[in-house]
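Undergrad: Would you mind keeping the following structure in view while I ask a few things?
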Amino acid sequence: MNAGPQAEACRYLLPRSTIHQTVENQLQDLRAVAERNGWRVVAQLCESGISGAKGRDQRSGFDELQRRAVRRDFDVVMVWAIDRIGRSVMDLLRFMQDLHALNIDLFVLQQALDSTTPSGRMTFGIFASLAEYERGLLRERIIAGQRRAVSQGTKIGRPSKMNEAVKISVRMLRERGVGIKEIAKKLEIGVGSVYNCLRA
């Protein structure tokens with residue numbers, strides 16, 4: 001990223017939902033940072049009163065930001081605080097990865113995160129490592145839970161529709177010359193289930 005006077009920065013702001021803070025106060029702080037860094041502000045996107053926990057489809061400003069990022073309308077995104085991006089490390093990491101793939105930097109004022117600097121990039125690398133560790137722990141918990149359930153006789157997976165009546169229907173339809181895919185469609189079961197039934 002060019003940090004000189006010609007460098008462009010898009011400010012994306014989602015204000016905190018408190019009575020005492022206003023969007024304008026946060027904008028002032030972000031404008032001051034942009035000025036200090038010689039970044040020219042090319043866009044300003046605000047979402048007053050919308051939670052960072054909402055999905056992209058419920059956040060028009062966030063959706064607009066991501067569309068502009070794909071078009072490479074800017075090379076830095078400035079945010080007031082991490083919780084404006086999302087409510088988890090995974091949300092932040094996903095957003096960071098999207099920006100990184102587009103060669104766009106991220107500046108977060110409240111947490112003093114700045115991927116335009118080497119130390120900022122290192123911090124985001126630590127976030128990535130923690131998120132990967134979290135994913136690994138989750139996978140281990142799921143696998144352990146499944147093993148425990150199987151050892152206790154619990155069947156894993158969706159309940160089967162293949163009761164005795166359905167099995168009889170499969171065989172009858174096949175004897176009448178109905179194709180495998182048509183049988184599956186008529187009985188609303190998988191093609192594999194039809195083959196398994198006929199093999200049995």
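In the structure tokens, chains take letters A, B, ... by order of appearance, with residues numbered from 1 within each chain and ligands from 1 in the order shown.
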Could you give me, as a ChimeraX atom specification, the residues within 8 Å of region 27-32 of chain A, counting only C-alpha atoms and dropping anything in the same chain fewer than 3 positions from it?

TA: /A:11,13,23-24,35-36,41,78-80,109

Undergrad: Restricting the output to N, CA and C atoms, write the selected residues as a PDB file, in the first residue's frame.

TA:
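Result file is out.pdb:
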```pdb
ATOM      1  N   ARG A  11     -13.293   4.979   4.381  1.00  0.00           N
ATOM      2  CA  ARG A  11     -13.697   4.874   5.766  1.00  0.00           C
ATOM      3  C   ARG A  11     -15.018   4.137   5.808  1.00  0.00           C
ATOM      4  N   LEU A  13     -17.643   2.946   8.636  1.00  0.00           N
ATOM      5  CA  LEU A  13     -17.916   3.124  10.057  1.00  0.00           C
ATOM      6  C   LEU A  13     -19.262   2.530  10.436  1.00  0.00           C
ATOM      7  N   VAL A  23     -22.347   9.135  15.797  1.00  0.00           N
ATOM      8  CA  VAL A  23     -21.602   8.804  14.589  1.00  0.00           C
ATOM      9  C   VAL A  23     -20.576   9.888  14.291  1.00  0.00           C
ATOM     10  N   GLU A  24     -20.958  11.143  14.487  1.00  0.00           N
ATOM     11  CA  GLU A  24     -20.074  12.257  14.142  1.00  0.00           C
ATOM     12  C   GLU A  24     -18.792  12.240  14.973  1.00  0.00           C
ATOM     13  N   GLU A  35      -6.065  11.829   8.041  1.00  0.00           N
ATOM     14  CA  GLU A  35      -5.262  13.026   7.745  1.00  0.00           C
ATOM     15  C   GLU A  35      -3.808  12.828   8.165  1.00  0.00           C
ATOM     16  N   ARG A  36      -3.607  12.254   9.364  1.00  0.00           N
ATOM     17  CA  ARG A  36      -2.246  12.019   9.860  1.00  0.00           C
ATOM     18  C   ARG A  36      -1.458  11.085   8.937  1.00  0.00           C
ATOM     19  N   VAL A  41      -9.871  10.274   1.835  1.00  0.00           N
ATOM     20  CA  VAL A  41     -11.119   9.544   2.059  1.00  0.00           C
ATOM     21  C   VAL A  41     -11.947   9.580   0.774  1.00  0.00           C
ATOM     22  N   MET A  78     -11.218   1.724   7.040  1.00  0.00           N
ATOM     23  CA  MET A  78     -11.072   2.198   8.417  1.00  0.00           C
ATOM     24  C   MET A  78     -12.364   1.913   9.179  1.00  0.00           C
ATOM     25  N   VAL A  79     -12.227   1.300  10.347  1.00  0.00           N
ATOM     26  CA  VAL A  79     -13.382   0.914  11.164  1.00  0.00           C
ATOM     27  C   VAL A  79     -13.191   1.447  12.576  1.00  0.00           C
ATOM     28  N   TRP A  80     -14.277   1.851  13.203  1.00  0.00           N
ATOM     29  CA  TRP A  80     -14.201   2.383  14.568  1.00  0.00           C
ATOM     30  C   TRP A  80     -13.769   1.313  15.558  1.00  0.00           C
ATOM     31  N   LEU A 109      -9.625   1.444  14.784  1.00  0.00           N
ATOM     32  CA  LEU A 109      -9.179   2.500  15.698  1.00  0.00           C
ATOM     33  C   LEU A 109      -9.131   2.068  17.159  1.00  0.00           C
TER      34      LEU A 109
END
```

Undergrad: Work out how far CA of Arg147 (chain A) is from CA of Ala200 (chain A), in Å to one decimal.

TA: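 Atom-to-atom, CA of Ala200 (chain A) and CA of Arg147 (chain A) are spaced 27.2 Å apart.
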
Undergrad: List the spatial neighbours of Val108 (chain A) as a ChimeraX atom specification - criterion: any atom at most 12 Å away, only C-alpha atoms, same-chain residues fewer than 4 positions off excluded.

TA: /A:11-14,26,29-30,33-34,76-85,92,96,112-116,120,123-124

Undergrad: Hey, which of A:Glu64, A:Asn163, A:Phe107, A:His100 ends up closest to Trp39 (chain A)? Count only C-alpha atoms.

TA: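 Of all the options, A:Phe107 lies closest to Trp39 (chain A).
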
Undergrad: Give me the residues within 12 Å of region 127-133 of chain A as a tab-separated table (two decimals) with C-alpha atoms, in the first residue's frame, counting only C-alpha atoms and dropping any in the same chain fewer than 3 places off.

TA:
```tsv
chain	number	residue	atom	x	y	z
A	88	SER	CA	-16.48	-13.27	16.75
A	89	VAL	CA	-12.84	-13.83	15.88
A	90	MET	CA	-14.08	-15.98	12.99
A	91	ASP	CA	-16.08	-13.05	11.55
A	92	LEU	CA	-13.05	-10.77	11.79
A	93	LEU	CA	-10.74	-13.35	10.25
A	94	ARG	CA	-13.15	-14.05	7.37
A	95	PHE	CA	-13.43	-10.32	6.65
A	96	MET	CA	-9.64	-9.89	6.89
A	97	GLN	CA	-9.04	-12.80	4.49
A	113	LEU	CA	-4.99	-2.71	14.69
A	120	GLY	CA	-0.36	-4.95	12.52
A	121	ARG	CA	0.10	-7.73	9.98
A	122	MET	CA	1.71	-9.86	12.71
A	123	THR	CA	-1.30	-9.24	14.99
A	124	PHE	CA	-3.72	-10.35	12.30
A	136	GLY	CA	-9.42	-27.61	15.46
A	137	LEU	CA	-10.84	-27.79	19.00
A	138	LEU	CA	-14.39	-27.68	17.64
A	139	ARG	CA	-13.67	-30.54	15.21
A	140	GLU	CA	-12.16	-32.62	18.03
```

Undergrad: Where in region 55-182 of chain A does DSSP assign helix (DSSP H, G or I), given as a PyMOL selection string?

TA: chain A and resi 56-58+60-70+82-84+89-101+118-151+164-175+180-182

Undergrad: Contacts of Asn103 (chain A) at 9 Å or less, counting only C-alpha atoms, minus same-chain residues fewer than 4 places along, as a VMD selection string?

TA: chain A and resid 1 72 75 98 to 99

Undergrad: Just the number, please: distance in Å from CA of Gly86 (chain A) to CA of Ala43 (chain A), one decimal.

TA: 20.6 Å

Undergrad: Show which residues sit within 12 Å of Ser169 (chain A), as a list of chain:residue names. Count only C-alpha atoms, and ignore same-chain residues fewer than 5 positions away.

TA: A:Met162, A:Asn163, A:Glu164, A:Arg174, A:Glu175, A:Arg176, A:Val178, A:Ile183, A:Ala184, A:Lys186, A:Leu187, A:Glu188, A:Ile189, A:Val194, A:Cys197, A:Leu198
